[in-house]
Amino acid sequence: MSGLDRIVIRRGLVLDLAAQGLWHGRRFQPLSPVPFRILAYLAQHPNQVIPDRQLLAVGWPGEIRDAMDLYRQIYRIRKAIEPQPARPRWLLTHKNAGYLLRTRQPLTLKRGDRRPRGPDSVA
């Protein structure tokens, strides 16, 4: 993981790297280890298609898994971040290429920050 504590995925949804879960506004939702590792990796590489094999290595380091294992975890992540998991807007499948976590602008927060930090923000 990077030195960041939280990543803003979209308005009202923040991935807390230290607590390994999601903040939906003021409500915290813990994530299991595998979906957390996959979502954290996607969030650290926003708006980029990440190949299945790379996400399999992130989710299950040192283990041999198949695409169905990844698909099940992607669905769990969608249930956590999407208003309608069957019609995803944020975690997109790119057929035969991988998955992409769509964000409007990569934003990060460090402990104590009140405002997101992005490429245009001033420290």
# chains A, B, ... in the order shown; residues from 1 in each chain; ligands from 1
>>> residues_around(residues="stretch 98-100 of chain A", least_positions_apart="6", cutoff="9 Å", atoms="only C-alpha atoms", output="ChimeraX atom specification")
/A:42,45-55,74,90-92
>>> write_last_selection(atoms="N, CA and C atoms", output="PDB file, in the first residue's frame")
ATOM      1  N   LEU A  42      -7.271  -1.336  -7.308  1.00  0.00           N
ATOM      2  CA  LEU A  42      -8.001  -0.605  -8.348  1.00  0.00           C
ATOM      3  C   LEU A  42      -8.075   0.883  -8.017  1.00  0.00           C
ATOM      4  N   HIS A  45      -5.060   2.767  -8.797  1.00  0.00           N
ATOM      5  CA  HIS A  45      -4.828   2.843 -10.248  1.00  0.00           C
ATOM      6  C   HIS A  45      -6.144   3.229 -10.922  1.00  0.00           C
ATOM      7  N   PRO A  46      -6.697   4.391 -10.580  1.00  0.00           N
ATOM      8  CA  PRO A  46      -8.030   4.748 -11.093  1.00  0.00           C
ATOM      9  C   PRO A  46      -8.019   4.983 -12.596  1.00  0.00           C
ATOM     10  N   ASN A  47      -9.169   4.684 -13.195  1.00  0.00           N
ATOM     11  CA  ASN A  47      -9.387   4.938 -14.626  1.00  0.00           C
ATOM     12  C   ASN A  47      -8.393   4.203 -15.520  1.00  0.00           C
ATOM     13  N   GLN A  48      -7.875   3.080 -15.022  1.00  0.00           N
ATOM     14  CA  GLN A  48      -6.959   2.242 -15.800  1.00  0.00           C
ATOM     15  C   GLN A  48      -7.528   0.833 -15.841  1.00  0.00           C
ATOM     16  N   VAL A  49      -7.484   0.205 -16.996  1.00  0.00           N
ATOM     17  CA  VAL A  49      -7.901  -1.192 -17.098  1.00  0.00           C
ATOM     18  C   VAL A  49      -6.789  -2.058 -16.511  1.00  0.00           C
ATOM     19  N   ILE A  50      -7.160  -2.838 -15.504  1.00  0.00           N
ATOM     20  CA  ILE A  50      -6.201  -3.733 -14.841  1.00  0.00           C
ATOM     21  C   ILE A  50      -6.530  -5.157 -15.275  1.00  0.00           C
ATOM     22  N   PRO A  51      -5.566  -5.874 -15.866  1.00  0.00           N
ATOM     23  CA  PRO A  51      -5.834  -7.227 -16.352  1.00  0.00           C
ATOM     24  C   PRO A  51      -6.235  -8.184 -15.229  1.00  0.00           C
ATOM     25  N   ASP A  52      -7.062  -9.157 -15.593  1.00  0.00           N
ATOM     26  CA  ASP A  52      -7.513 -10.173 -14.636  1.00  0.00           C
ATOM     27  C   ASP A  52      -6.346 -10.821 -13.909  1.00  0.00           C
ATOM     28  N   ARG A  53      -5.318 -11.215 -14.654  1.00  0.00           N
ATOM     29  CA  ARG A  53      -4.192 -11.939 -14.035  1.00  0.00           C
ATOM     30  C   ARG A  53      -3.503 -11.096 -12.961  1.00  0.00           C
ATOM     31  N   GLN A  54      -3.475  -9.782 -13.178  1.00  0.00           N
ATOM     32  CA  GLN A  54      -2.869  -8.886 -12.191  1.00  0.00           C
ATOM     33  C   GLN A  54      -3.739  -8.818 -10.937  1.00  0.00           C
ATOM     34  N   LEU A  55      -5.058  -8.734 -11.114  1.00  0.00           N
ATOM     35  CA  LEU A  55      -5.963  -8.684  -9.964  1.00  0.00           C
ATOM     36  C   LEU A  55      -5.987 -10.019  -9.219  1.00  0.00           C
ATOM     37  N   ILE A  74     -15.278  -9.465  -7.544  1.00  0.00           N
ATOM     38  CA  ILE A  74     -15.696  -8.232  -8.215  1.00  0.00           C
ATOM     39  C   ILE A  74     -17.170  -7.971  -7.919  1.00  0.00           C
ATOM     40  N   TRP A  90     -19.342   2.322 -11.733  1.00  0.00           N
ATOM     41  CA  TRP A  90     -18.023   2.685 -11.198  1.00  0.00           C
ATOM     42  C   TRP A  90     -16.971   1.601 -11.410  1.00  0.00           C
ATOM     43  N   LEU A  91     -17.340   0.348 -11.223  1.00  0.00           N
ATOM     44  CA  LEU A  91     -16.394  -0.757 -11.423  1.00  0.00           C
ATOM     45  C   LEU A  91     -16.821  -1.480 -12.692  1.00  0.00           C
ATOM     46  N   LEU A  92     -16.091  -1.217 -13.770  1.00  0.00           N
ATOM     47  CA  LEU A  92     -16.501  -1.657 -15.095  1.00  0.00           C
ATOM     48  C   LEU A  92     -15.673  -2.836 -15.584  1.00  0.00           C
TER      49      LEU A  92
END
>>> closest_atom_pairs(of="stretch 30-105 of chain A", to="stretch 2-21 of chain A", cutoff="12 Å", atoms="only C-alpha atoms", output="tab-separated table")
residue	atom	partner	partner_atom	distance
A:Pro30	CA	A:Gly21	CA	4.0
A:Leu31	CA	A:Gly21	CA	4.9
A:Ser32	CA	A:Gln20	CA	8.0
A:Pro33	CA	A:Gln20	CA	7.8
A:Val34	CA	A:Gln20	CA	10.5
A:Pro35	CA	A:Gly21	CA	9.6
A:Phe36	CA	A:Gln20	CA	6.4
A:Arg37	CA	A:Gln20	CA	8.6
A:Ile38	CA	A:Gln20	CA	11.4
A:Leu39	CA	A:Leu15	CA	8.4
A:Ala40	CA	A:Leu17	CA	7.3
A:Tyr41	CA	A:Ser2	CA	10.0
A:Leu42	CA	A:Ile9	CA	9.9
A:Ala43	CA	A:Ile9	CA	6.9
A:Gln44	CA	A:Ile7	CA	7.9
A:His45	CA	A:Ile7	CA	10.9
A:Pro46	CA	A:Ile9	CA	8.6
A:Asn47	CA	A:Ile9	CA	10.8
A:Ile77	CA	A:Gly21	CA	10.8
A:Ala80	CA	A:Gly21	CA	9.7
A:Ile81	CA	A:Leu13	CA	7.5
A:Glu82	CA	A:Leu13	CA	10.0
A:Pro83	CA	A:Leu13	CA	11.3
A:Arg89	CA	A:Arg10	CA	11.0
A:Trp90	CA	A:Arg10	CA	8.6
A:Leu91	CA	A:Ile9	CA	10.3
A:Leu101	CA	A:Ile9	CA	8.4
A:Arg102	CA	A:Ile9	CA	8.1
A:Thr103	CA	A:Ile9	CA	6.1
A:Arg104	CA	A:Arg10	CA	7.3
A:Gln105	CA	A:Arg10	CA	8.5
>>> select_by_dssp(residues="chain A", states="strand (DSSP E or B)", output="PyMOL selection string")
chain A and resi 6-10+13-16+21-24+27-30+50+91-94+98-101+107-109+117
>>> atom_distance(atom1="atom CA of A:Tyr71", atom2="atom CA of A:Pro85")
12.7 Å
>>> decode(residues="stretch 6-18 of chain A", atoms="N, CA and C atoms", output="compact mmCIF listing (two decimals), in the first residue's frame")
# COMPACT_ATOMS: atom_id res chain seq x y z
N ARG A 6 -6.64 7.23 3.06
CA ARG A 6 -7.97 7.09 2.48
C ARG A 6 -7.94 7.52 1.02
N ILE A 7 -8.81 6.91 0.22
CA ILE A 7 -8.95 7.26 -1.18
C ILE A 7 -10.42 7.53 -1.45
N VAL A 8 -10.71 8.70 -2.00
CA VAL A 8 -12.08 9.04 -2.36
C VAL A 8 -12.37 8.36 -3.70
N ILE A 9 -13.33 7.46 -3.69
CA ILE A 9 -13.71 6.76 -4.92
C ILE A 9 -14.71 7.60 -5.70
N ARG A 10 -15.67 8.13 -5.01
CA ARG A 10 -16.64 9.06 -5.58
C ARG A 10 -17.25 9.83 -4.43
N ARG A 11 -18.04 10.83 -4.73
CA ARG A 11 -18.66 11.63 -3.68
C ARG A 11 -19.43 10.72 -2.71
N GLY A 12 -19.10 10.83 -1.44
CA GLY A 12 -19.79 10.05 -0.42
C GLY A 12 -19.26 8.65 -0.22
N LEU A 13 -18.22 8.26 -0.95
CA LEU A 13 -17.67 6.91 -0.82
C LEU A 13 -16.15 6.99 -0.73
N VAL A 14 -15.62 6.60 0.44
CA VAL A 14 -14.18 6.70 0.71
C VAL A 14 -13.65 5.34 1.15
N LEU A 15 -12.57 4.91 0.52
CA LEU A 15 -11.90 3.68 0.91
C LEU A 15 -10.89 4.02 2.00
N ASP A 16 -11.05 3.42 3.17
CA ASP A 16 -10.15 3.64 4.30
C ASP A 16 -9.13 2.51 4.31
N LEU A 17 -7.89 2.84 3.94
CA LEU A 17 -6.85 1.82 3.83
C LEU A 17 -6.42 1.29 5.19
N ALA A 18 -6.40 2.14 6.19
CA ALA A 18 -5.98 1.72 7.53
C ALA A 18 -7.01 0.79 8.17
